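I have placed the structure first, in the form of structure tokens, so that the comments after it can refer back to it.
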Amino acid sequence: MRFTESVWRPSGSALSFGPDLEGNRLFDVVVIGGGILGLSTALHAARSGLSVQVLEARLIGEGASGLNGGQVIPGLKYDPDWLLEHFGPEAGKALVRFAASTADSVFDLIANERLAVPFTRNGWIQAAHTQTALKNAEARDRQWRLRGADVRLLDSAGIAALTGTSGYLGGWLDRRAGVIDPLSFTTELARIAAAARVGIAEQQQATKLRQEGGAWRISTSSGVELKATSVVVATNAYSDGLVPGLARTIVPLHSFQIATAVLPAGIASAILPEGQAVSDSRRILVYYRKTPDGRFILGGRGRMSLPRHEGDWAHLRHAMVRLYPFLAGIPIEKRWFGRVAVTPDHLPHIHSPEPGLIAVVGCQGRGVGLMTSLGKHLADHLLTGDPASLPFPLTPIRPIPFHAFRQLGVAAAITWYRTLDALER
Ligand SMILES: Cc1cc2nc3c(=O)[nH]c(=O)nc-3n(C[C@H](O)[C@H](O)[C@H](O)COP(=O)(O)OP(=O)(O)OC[C@H]3O[C@@H](n4cnc5c(N)ncnc54)[C@H](O)[C@@H]3O)c2cc1C
């Protein structure tokens with residue numbers, strides 16, 4: 001299906017793992033899901049001396065981690081003041097520190113481990129198209145600047161110079177952020193995890209979990225059964241019925257992306273000349289950047305069901321031409337999509353429904369930095385058992401009431417929000 005091909009490439013040194021598994025051995029940890037979270041957890045746990053096996057139902061990078069926009073953005077959906085108010089002075093302060101450092105965790109890993117990942121670290125722009133969005137940007141800027149972050153407000157001329165498009169009232173530049181090739185990053189994570197003696201098996205779906213004799217038994221699609229002291233379920237937006245109720249705690253949304261052909265130099269230099277990434281402030285937002293080989297890519301919400309033809313990406317092309325009319329004649333060469341896990345409170349959730357079992361969901365479309373960093377914290381937690389090593393409190397699994405209908409509600413809300421966005425143009 002050529003119309004769902006992404007623009008990203010695995011790193012040149014990417015390994016192919018295959019489905020081989022060693023049964024009848026007690027691992028310290030079995031990680032289910034070979035995305036950024038699973039691999040980061042596995043890497044750090046193995047480096048702390050734990051024996052670790054990763055199970056990935058598809059191929060490494062075929063989940064959201066290898067398909068995303070590659071924007072490495074620190075912070076959470078909420079600003080520092082809200083986090084302090086919501087979580088209290090002590091936990092809130094720790095959470096603000098965590099949120100501030102998530103992009104560092106990606107770029108530090110790339111630098112320290114010499115990962116073959118194309119990247120630019122020149123910031124992320126949150127573009128404001130209304131006065132309300134501008135006010136929010138001002139509050140965000142004040143709160144982060146107070147904490148020493150390298151951020152600044154942009155006026156309409158400043159944002160036009162950085163983006164190459166007019167029409168925004170202003171925005172916010174967060175210089176802690178940057179862009180990477182997410183598939184290279186994911187495959188490089190797998191490579192260094194394997195070098196740290198993590199076992200990685202692809203096309204091995206975990207089909208059942210049960211406790212027996214003080215250990216976890218993990219059944220797999222190949223029929224091999226694994227044993228582990230601890231299990232980490234890192235399946236996020238692709239969660240299935242493995243952990244009862246888990247998939248019903250999130251609304252999995254589709255994010256669609258398009259990439260142009262490689263742009264002629266004169267056109268490429270007129271768009272985002274300093275290489276930042278952008279997300280706009282609309283209710284149904286679009287996000288965009290350039291790739292290292294000079295394509296323009298833009299993403300946004302897509303249909304809830306699977307795409308059927310190229311027309312399902314037409315709204316993104318429309319948004320692209322609205323921003324940059326001179327791209328109208330440039331062909332779109334790639335179209336793809338992936339799943340994003342949204343929780344009702346827009347925060348990541350960490351659950352431990354039974355001793356030795358941990359599950360994490362909910363990245364709200366900002367998981368590249370978040371999940372890289374969270375993996376290190378989860379590994380610390382596996383080693384010490386100390387809940388204080390986790391940035392978020394452990395919470396019970398609470399399925400969303402009327403979950404099946406929620407999907408329909410979201411589809412209706414998206415249509416309504418698109419209408420409101422159109423009125424504000
Ligand atoms: C189109 C798109 C654009 C995005 N853009 C950005 C962005 O620009 N910046 C950003 O920060 N975030 C972005 N995100 C979000 C980001 O990609 C995710 O938050 C992040 O990759 C989540 O990583 P993960 O390891 O938790 O999950 P995933 O990478 O989705 O990994 C979960 C894995 O679990 C596997 N799995 C599921 N069930 C089983 C099972 N039973 N047994 C074995 N394996 C199983 C799946 O196959 C999958 O590979 C975007 C997401 C999408 C989809």
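Within each chain, counting starts at residue 1; across the structure tokens, chains are named A, B, ... in the order shown, with ligands numbered 1 upward in that order.
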
Item to check | Exercise answer, 7 Å around ligand 1 with only C-alpha atoms and all ligand atoms, as a count of residues only | outcome: 57

Next on the checklist: List the spatial neighbours of Leu246 (chain A) as an NGL selection string - criterion: any atom at most 12 Å away, only C-alpha atoms, same-chain residues fewer than 4 positions off excluded.
Outcome noted: :A and (233-242 or 250-252 or 341 or 343 or 349-353 or 358-362 or 395-400 or 403)

Keeping only C-alpha atoms, write the selected residues to a file as a compact mmCIF listing (two decimals), in the first residue's frame.
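selection-v5.txt written:
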```
# COMPACT_ATOMS: atom_id res chain seq x y z
CA VAL A 233 3.53 -3.28 29.31
CA ALA A 234 4.70 -0.52 26.94
CA THR A 235 2.03 -0.88 24.27
CA ASN A 236 0.57 2.63 24.63
CA ALA A 237 -1.86 3.55 21.80
CA TYR A 238 -1.55 0.02 20.39
CA SER A 239 -2.70 -1.61 23.64
CA ASP A 240 -4.88 -4.66 23.15
CA GLY A 241 -6.73 -6.85 25.64
CA LEU A 242 -3.55 -8.11 27.35
CA ILE A 250 -7.29 5.77 26.42
CA VAL A 251 -8.85 7.19 23.29
CA PRO A 252 -6.58 6.08 20.44
CA ALA A 341 -3.01 7.62 22.94
CA THR A 343 -6.12 10.05 28.26
CA HIS A 349 -0.80 7.16 33.30
CA ILE A 350 1.35 4.59 35.08
CA HIS A 351 -0.50 1.58 36.48
CA SER A 352 0.61 -1.34 38.58
CA PRO A 353 -2.56 -3.46 38.81
CA ILE A 358 3.58 -2.10 35.27
CA ALA A 359 1.70 -0.55 32.35
CA VAL A 360 2.12 2.92 30.86
CA VAL A 361 -0.24 4.68 28.45
CA GLY A 362 -1.03 8.18 27.26
CA THR A 395 -2.95 5.13 39.57
CA PRO A 396 -5.62 2.43 39.27
CA ILE A 397 -6.79 1.34 35.81
CA ARG A 398 -10.04 3.24 35.25
CA PRO A 399 -11.69 2.40 31.94
CA ILE A 400 -13.44 5.35 30.34
CA HIS A 403 -15.62 3.74 25.79
```

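Shortest separation to Val232 (chain A) among A:Met320, A:Ala379, A:Leu50, A:Leu76 occurs at residue A:Ala379, atoms counted being only C-alpha atoms.
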
Checklist entry - With only C-alpha atoms as the basis for distance, which of A:Val342, A:Ala195, A:Val286, A:Asn122 is at the shortest distance from Gly300 (chain A)? => result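 That would be A:Val286, the residue with the smallest distance to Gly300 (chain A).
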
Next on the checklist: Using only C-alpha atoms for the distances, tell me which of A:Arg114, A:Arg248, A:Arg152, A:Arg97 is nearest to Arg191 (chain A).
Outcome noted: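 Using only C-alpha atoms, Arg191 (chain A) sits closest to A:Arg114.
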
Checklist entry - Got a sec: who's within 7 Å of region 11-23 of chain A, counting only C-alpha atoms, leaving out chain neighbours fewer than 4 positions off, as a list of chain:residue names? => result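 The filter keeps A:Ala116, A:Val117, A:Ser184, A:Thr187, A:Glu188, A:Arg191, A:Ile200, A:Ala201, A:Glu202, A:Gln203, A:Gln204, A:Val224, A:Glu225, A:Leu226.
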
Checklist entry - For Ser51 (chain A), which of A:Thr384, A:Thr163, A:Ser230, A:Ser221 is the closest residue, counting only C-alpha atoms? => result A:Ser230

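Distance annotation: of A:Phe392, A:Val231, A:Asp386, A:Asp345, the residue with the minimal separation from Val96 (chain A) is A:Phe392; atom set is only C-alpha atoms.
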